[in-house]
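Enquirer: You'll find entry.tsv just under this line, and it carries TSV, C-alpha atoms.
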chain	number	residue	atom	x	y	z
A	54	MET	CA	-9.71	-17.06	-3.29
A	55	SER	CA	-6.65	-18.72	-1.80
A	56	ILE	CA	-4.02	-17.05	0.37
A	57	PRO	CA	-1.25	-15.70	-1.89
A	58	ALA	CA	2.04	-17.58	-1.76
A	59	ARG	CA	4.18	-14.87	-3.38
A	60	VAL	CA	3.50	-11.20	-2.66
A	61	GLY	CA	4.95	-8.38	-4.75
A	62	VAL	CA	5.60	-5.10	-2.93
A	63	VAL	CA	5.72	-1.92	-5.03
A	64	GLY	CA	7.67	0.78	-3.24
A	65	GLY	CA	9.73	-1.93	-1.61
A	66	SER	CA	12.33	0.43	-0.18
A	67	GLY	CA	9.75	2.60	1.60
A	68	LYS	CA	9.38	2.75	5.36
A	69	VAL	CA	6.17	0.72	5.51
A	70	ALA	CA	7.40	-1.84	2.99
A	71	ARG	CA	10.65	-2.48	4.85
A	72	ARG	CA	8.60	-3.34	7.92
A	73	LEU	CA	6.16	-5.41	5.90
A	74	ILE	CA	8.72	-7.70	4.24
A	75	PRO	CA	9.90	-9.50	7.41
A	76	ILE	CA	6.31	-9.91	8.59
A	77	LEU	CA	5.26	-11.54	5.32
A	78	LEU	CA	8.31	-13.80	5.36
A	79	HIS	CA	7.57	-14.81	8.94
A	80	ARG	CA	4.07	-15.78	7.78
A	81	ASP	CA	5.57	-18.07	5.11
A	82	HIS	CA	4.92	-15.88	2.08
A	83	GLU	CA	7.58	-15.35	-0.52
A	84	VAL	CA	8.18	-11.65	-1.11
A	85	VAL	CA	9.22	-9.93	-4.32
A	86	ALA	CA	10.18	-6.33	-3.57
A	87	PHE	CA	10.68	-3.67	-6.23
A	88	ALA	CA	13.07	-0.72	-6.11
A	89	ARG	CA	15.11	1.32	-8.57
A	90	ARG	CA	18.56	1.79	-7.05
A	91	ASP	CA	21.31	-0.78	-6.47
A	92	GLU	CA	21.66	-0.01	-2.76
A	93	GLN	CA	17.91	-0.34	-2.27
A	94	LEU	CA	17.89	-3.69	-4.05
A	95	GLN	CA	20.71	-4.91	-1.83
A	96	THR	CA	18.84	-3.84	1.30
A	97	LEU	CA	15.74	-5.71	0.14
A	98	ALA	CA	17.76	-8.82	-0.62
A	99	ASP	CA	19.34	-8.60	2.82
A	100	LEU	CA	15.84	-8.57	4.32
A	101	GLY	CA	15.15	-11.87	2.54
A	102	ALA	CA	13.08	-10.59	-0.37
A	103	ILE	CA	13.52	-11.40	-4.03
A	104	ALA	CA	14.68	-7.97	-5.21
A	105	ARG	CA	13.69	-6.79	-8.69
A	106	ARG	CA	14.48	-3.48	-10.32
A	107	LEU	CA	11.54	-1.18	-11.08
A	108	ASP	CA	11.67	2.57	-11.64
A	109	ILE	CA	8.07	3.47	-10.91
A	110	GLU	CA	8.16	6.82	-12.68
A	111	ASN	CA	10.02	5.78	-15.84
A	112	ALA	CA	8.74	2.22	-16.30
A	113	ASP	CA	5.67	1.58	-18.42
A	114	GLU	CA	2.88	-0.95	-17.94
A	115	PRO	CA	4.71	-3.78	-19.77
A	116	ASP	CA	7.75	-3.15	-17.55
A	117	PHE	CA	5.57	-3.51	-14.45
A	118	ALA	CA	3.96	-6.67	-15.85
A	119	ALA	CA	7.39	-8.16	-16.54
A	120	VAL	CA	8.61	-7.81	-12.96
A	121	PHE	CA	5.26	-8.93	-11.52
A	122	GLY	CA	5.83	-12.39	-12.99
A	123	GLY	CA	5.17	-15.18	-10.49
A	124	CYS	CA	3.37	-12.98	-7.98
A	125	ASP	CA	-0.02	-13.97	-6.55
A	126	ALA	CA	-0.77	-10.60	-4.93
A	127	ILE	CA	0.46	-7.02	-5.16
A	128	VAL	CA	0.87	-4.51	-2.34
A	129	PHE	CA	1.13	-0.93	-3.56
A	130	ALA	CA	3.01	0.84	-0.78
A	131	ALA	CA	4.81	3.47	-2.84
A	132	GLY	CA	4.51	7.17	-2.30
A	133	GLY	CA	6.44	10.31	-1.66
A	134	GLY	CA	4.30	11.31	1.30
A	135	PRO	CA	2.58	14.69	1.69
A	136	ASP	CA	5.86	16.63	1.56
A	137	GLY	CA	8.25	17.37	-1.27
A	138	ASN	CA	7.65	17.61	-4.99
A	139	ALA	CA	4.06	18.12	-6.13
A	140	SER	CA	4.58	16.59	-9.58
A	141	ARG	CA	5.88	13.34	-8.05
A	142	LYS	CA	2.55	12.84	-6.28
A	143	ARG	CA	1.04	12.22	-9.68
A	144	THR	CA	3.91	10.21	-11.17
A	145	VAL	CA	4.40	7.98	-8.09
A	146	ASP	CA	1.24	7.92	-5.99
A	147	LEU	CA	-1.24	7.96	-8.87
A	148	GLU	CA	0.46	6.79	-12.05
A	149	GLY	CA	2.49	4.18	-10.16
A	150	SER	CA	-0.74	2.77	-8.78
A	151	LEU	CA	-2.47	2.83	-12.17
A	152	LYS	CA	0.42	1.00	-13.84
A	153	SER	CA	0.47	-1.54	-11.02
A	154	ILE	CA	-3.27	-2.16	-11.37
A	155	ALA	CA	-3.01	-2.56	-15.13
A	156	ALA	CA	0.00	-4.86	-14.85
A	157	ALA	CA	-1.71	-7.00	-12.23
A	158	LYS	CA	-4.69	-7.42	-14.54
A	159	ARG	CA	-2.40	-8.25	-17.45
A	160	ARG	CA	-0.71	-10.90	-15.33
A	161	GLY	CA	-3.97	-12.33	-13.99
A	162	ILE	CA	-3.10	-11.30	-10.43
A	163	LYS	CA	-6.38	-10.71	-8.60
A	164	ARG	CA	-5.34	-9.72	-5.07
A	165	PHE	CA	-4.24	-6.09	-4.60
A	166	VAL	CA	-3.75	-4.19	-1.34
A	167	GLN	CA	-3.16	-0.45	-1.55
A	168	VAL	CA	-1.84	1.88	1.12
A	169	SER	CA	-3.63	5.21	0.80
A	170	ALA	CA	-4.09	8.00	3.35
A	171	MET	CA	-6.77	9.11	5.76
A	172	GLY	CA	-9.15	11.85	4.71
A	173	VAL	CA	-8.36	12.04	1.01
A	174	ASP	CA	-12.02	11.98	-0.02
A	175	ALA	CA	-12.39	15.49	1.47
A	176	ASP	CA	-11.20	18.42	-0.61
A	177	PRO	CA	-7.74	19.52	0.55
A	178	ASP	CA	-7.21	22.69	2.55
A	179	PRO	CA	-5.61	25.12	0.07
A	180	GLU	CA	-3.70	26.75	2.89
A	181	ARG	CA	-1.62	23.56	3.19
A	182	GLY	CA	-0.12	24.26	-0.23
A	183	ASP	CA	0.17	22.77	-3.69
A	184	VAL	CA	2.07	19.66	-2.62
A	185	TRP	CA	-0.59	18.62	-0.13
A	186	THR	CA	-3.32	19.29	-2.70
A	187	ALA	CA	-1.52	17.15	-5.29
A	188	TYR	CA	-1.04	14.38	-2.74
A	189	VAL	CA	-4.72	14.28	-1.76
A	190	TYR	CA	-5.95	14.22	-5.34
A	191	ALA	CA	-3.40	11.56	-6.35
A	192	LYS	CA	-4.36	9.23	-3.51
A	193	ARG	CA	-8.08	9.82	-4.04
A	194	GLU	CA	-7.93	9.09	-7.77
A	195	ALA	CA	-5.75	6.01	-7.27
A	196	ASP	CA	-8.30	4.61	-4.81
A	197	ILE	CA	-11.19	5.34	-7.18
A	198	GLU	CA	-9.46	3.51	-10.01
A	199	LEU	CA	-8.61	0.52	-7.83
A	200	ARG	CA	-12.18	0.21	-6.55
A	201	LYS	CA	-13.50	-0.04	-10.10
A	202	SER	CA	-10.68	-2.26	-11.40
A	203	GLY	CA	-12.40	-5.59	-10.91
A	204	LEU	CA	-9.48	-6.80	-8.76
A	205	ALA	CA	-9.88	-8.27	-5.29
A	206	TRP	CA	-8.78	-5.03	-3.66
A	207	THR	CA	-8.32	-3.79	-0.13
A	208	ILE	CA	-7.54	-0.13	0.56
A	209	LEU	CA	-5.97	0.87	3.87
A	210	ARG	CA	-5.97	4.55	4.82
A	211	PRO	CA	-3.71	5.11	7.83
A	212	GLY	CA	-3.58	8.22	9.95
A	213	ILE	CA	-0.35	10.08	10.66
A	214	LEU	CA	2.52	7.60	10.32
A	215	THR	CA	5.10	7.31	13.08
A	216	ASP	CA	8.23	5.25	13.60
A	217	GLY	CA	7.33	4.27	17.15
A	218	PRO	CA	7.05	0.68	18.38
A	219	GLY	CA	3.99	-1.21	17.28
A	220	THR	CA	1.23	-2.28	19.64
A	221	GLY	CA	-0.43	-4.84	17.38
A	222	CYS	CA	-3.73	-3.10	18.09
A	223	ILE	CA	-5.74	-0.66	15.99
A	224	THR	CA	-8.98	1.19	15.55
A	225	ILE	CA	-10.35	0.49	12.08
A	226	GLY	CA	-13.45	1.50	10.20
A	227	GLU	CA	-14.75	3.20	7.08
A	228	LYS	CA	-14.29	6.47	8.98
A	229	VAL	CA	-12.40	6.94	12.24
A	230	GLN	CA	-11.22	9.96	14.19
A	231	PRO	CA	-7.86	11.26	12.93
A	232	TYR	CA	-4.91	10.03	14.95
A	233	SER	CA	-1.50	8.44	14.41
A	234	ILE	CA	-0.35	4.88	13.87
A	235	PRO	CA	3.13	3.28	13.85
A	236	ARG	CA	4.26	2.13	10.42
A	237	VAL	CA	4.88	-1.35	11.78
A	238	ASP	CA	1.21	-1.67	12.72
A	239	VAL	CA	0.24	-0.58	9.21
A	240	ALA	CA	2.54	-3.31	7.94
A	241	GLN	CA	0.95	-5.85	10.30
A	242	THR	CA	-2.49	-4.84	9.04
A	243	ILE	CA	-1.43	-5.23	5.40
A	244	ALA	CA	-0.06	-8.71	6.11
A	245	SER	CA	-3.20	-9.66	8.02
A	246	CYS	CA	-5.35	-8.55	5.08
A	247	ILE	CA	-3.22	-10.57	2.66
A	248	SER	CA	-3.89	-13.70	4.70
A	249	ARG	CA	-7.65	-12.98	4.91
A	250	PRO	CA	-9.37	-13.19	1.52
A	251	LYS	CA	-12.59	-11.84	3.05
A	252	THR	CA	-10.95	-8.43	3.50
A	253	ALA	CA	-11.19	-7.94	-0.28
A	254	GLY	CA	-13.67	-5.27	-1.30
A	255	HIS	CA	-13.14	-3.17	1.83
A	256	GLN	CA	-11.70	0.30	2.34
A	257	TRP	CA	-10.76	1.19	5.90
A	258	GLU	CA	-9.14	4.00	7.83
A	259	ILE	CA	-6.75	2.77	10.54
A	260	ILE	CA	-5.17	4.35	13.60
A	261	THR	CA	-3.70	3.11	16.85
A	262	GLY	CA	-6.42	1.65	19.03
A	263	PRO	CA	-7.43	-1.08	21.46
A	264	HIS	CA	-8.36	-3.92	19.09
A	265	PRO	CA	-5.91	-6.72	18.13
A	266	ILE	CA	-5.40	-6.53	14.37
A	267	GLY	CA	-6.29	-10.09	13.45
A	268	THR	CA	-9.27	-10.23	15.80
A	269	VAL	CA	-10.87	-7.02	14.54
A	270	LEU	CA	-10.36	-7.98	10.88
A	271	ASP	CA	-12.04	-11.32	11.53
A	272	GLU	CA	-14.95	-9.55	13.21
A	273	LEU	CA	-15.33	-7.03	10.38
A	274	THR	CA	-15.44	-9.74	7.72
A	275	ALA	CA	-17.40	-12.43	9.58
Now that the file is in, can you turn its structure into structure tokens?
Expert:
Amino acid sequence: MSIPARVGVVGGSGKVARRLIPILLHRDHEVVAFARRDEQLQTLADLGAIARRLDIENADEPDFAAVFGGCDAIVFAAGGGPDGNASRKRTVDLEGSLKSIAAAKRRGIKRFVQVSAMGVDADPDPERGDVWTAYVYAKREADIELRKSGLAWTILRPGILTDGPGTGCITIGEKVQPYSIPRVDVAQTIASCISRPKTAGHQWEIITGPHPIGTVLDELTA
């Protein structure tokens, strides 16, 4: 599997995606970023991405496939986070992922990197409320469906996301102790997985740690 030339980013206006786009461009990928509102599309174009309109909740699979045209890989970085509207966890975090997976397959796009969340295989604490429960189940089911999709998938499950400066270093593994990680380091990890075909077929939790991102990914996939 070759390194993708053009990467599509679903949830392009999100906080991780906006950090990812410049990193991918710096690494000589073309980036197609998807968003639904005019001001978001303008922001993505200003970052240097090819901006295409996609309303994740209202678009259907053929709509996704149409805007995925020309892409060699898809990054699913959309999500409402663990706060807010419970019903949107299903329509964005789960159904958005499922439509992206189906559209990638329709387009013949094999490479697919998904941003999930740490700990979603464990049953959610009901005391954290209905929104958290919906979020956990949406992320869990989306990961299950991606793993059995037949695509060349990588699933990244970061800890608590922060907006602090990146360190370029992480702790990564199938299971790691809960901790935080800057969004920019999540973005760096996504980009580093995109450029490493051997990371396909792996699901990892990631937090801030002592290991340089590229070095530890090379070691894990040697």
Enquirer: Separation of atom CA of A:Val239 and atom CA of A:Glu194, in Å?
Expert: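 According to the coordinates, atom CA of A:Val239 and atom CA of A:Glu194 are separated by 21.2 Å.
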Enquirer: Check the smallest atom-to-atom distance from each of A:Gln95, A:Thr252, A:Thr242, A:Ser140 to A:Ile76 using all atoms listed in the file, then report the winner.
Expert: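 Looking only at the distances to A:Ile76, the closest residue turns out to be A:Thr242.
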Enquirer: Using all atoms listed in the file, can you list as JSON, numbers by chain the residues within 7 Å of (15.0, -1.0, -10.2)?
Expert: {"A": [87, 88, 89, 90, 105, 106, 107, 108]}
Enquirer: Point out the residue among A:Leu273, A:Val189, A:Val237, A:Val85 with the least atom-to-atom distance to A:Ala170, counting all atoms listed in the file.
Expert: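 So, comparing all the options, the nearest one is A:Val189.
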Enquirer: In terms of the shortest atom-to-atom distance over all atoms listed in the file, which of A:Asn111, A:Ser202, A:Thr261, A:Ser245 is closest to A:Val229?
Expert: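 Comparing A:Asn111, A:Ser202, A:Thr261, A:Ser245 against A:Val229, the winner is A:Thr261.
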Enquirer: List every residue of stretch 54-77 of chain A that has an atom at most 9 Å from any atom of stretch 120-123 of chain A, and for each one report the closest atom pair and its distance in Å to one decimal, counting only C-alpha atoms, with rows sorted by chain and then by increasing residue number, as JSON lines.
Expert:
{"residue": "A:Arg59", "atom": "CA", "partner": "A:Gly123", "partner_atom": "CA", "distance": 7.2}
{"residue": "A:Val60", "atom": "CA", "partner": "A:Gly123", "partner_atom": "CA", "distance": 8.9}
{"residue": "A:Gly61", "atom": "CA", "partner": "A:Phe121", "partner_atom": "CA", "distance": 6.8}
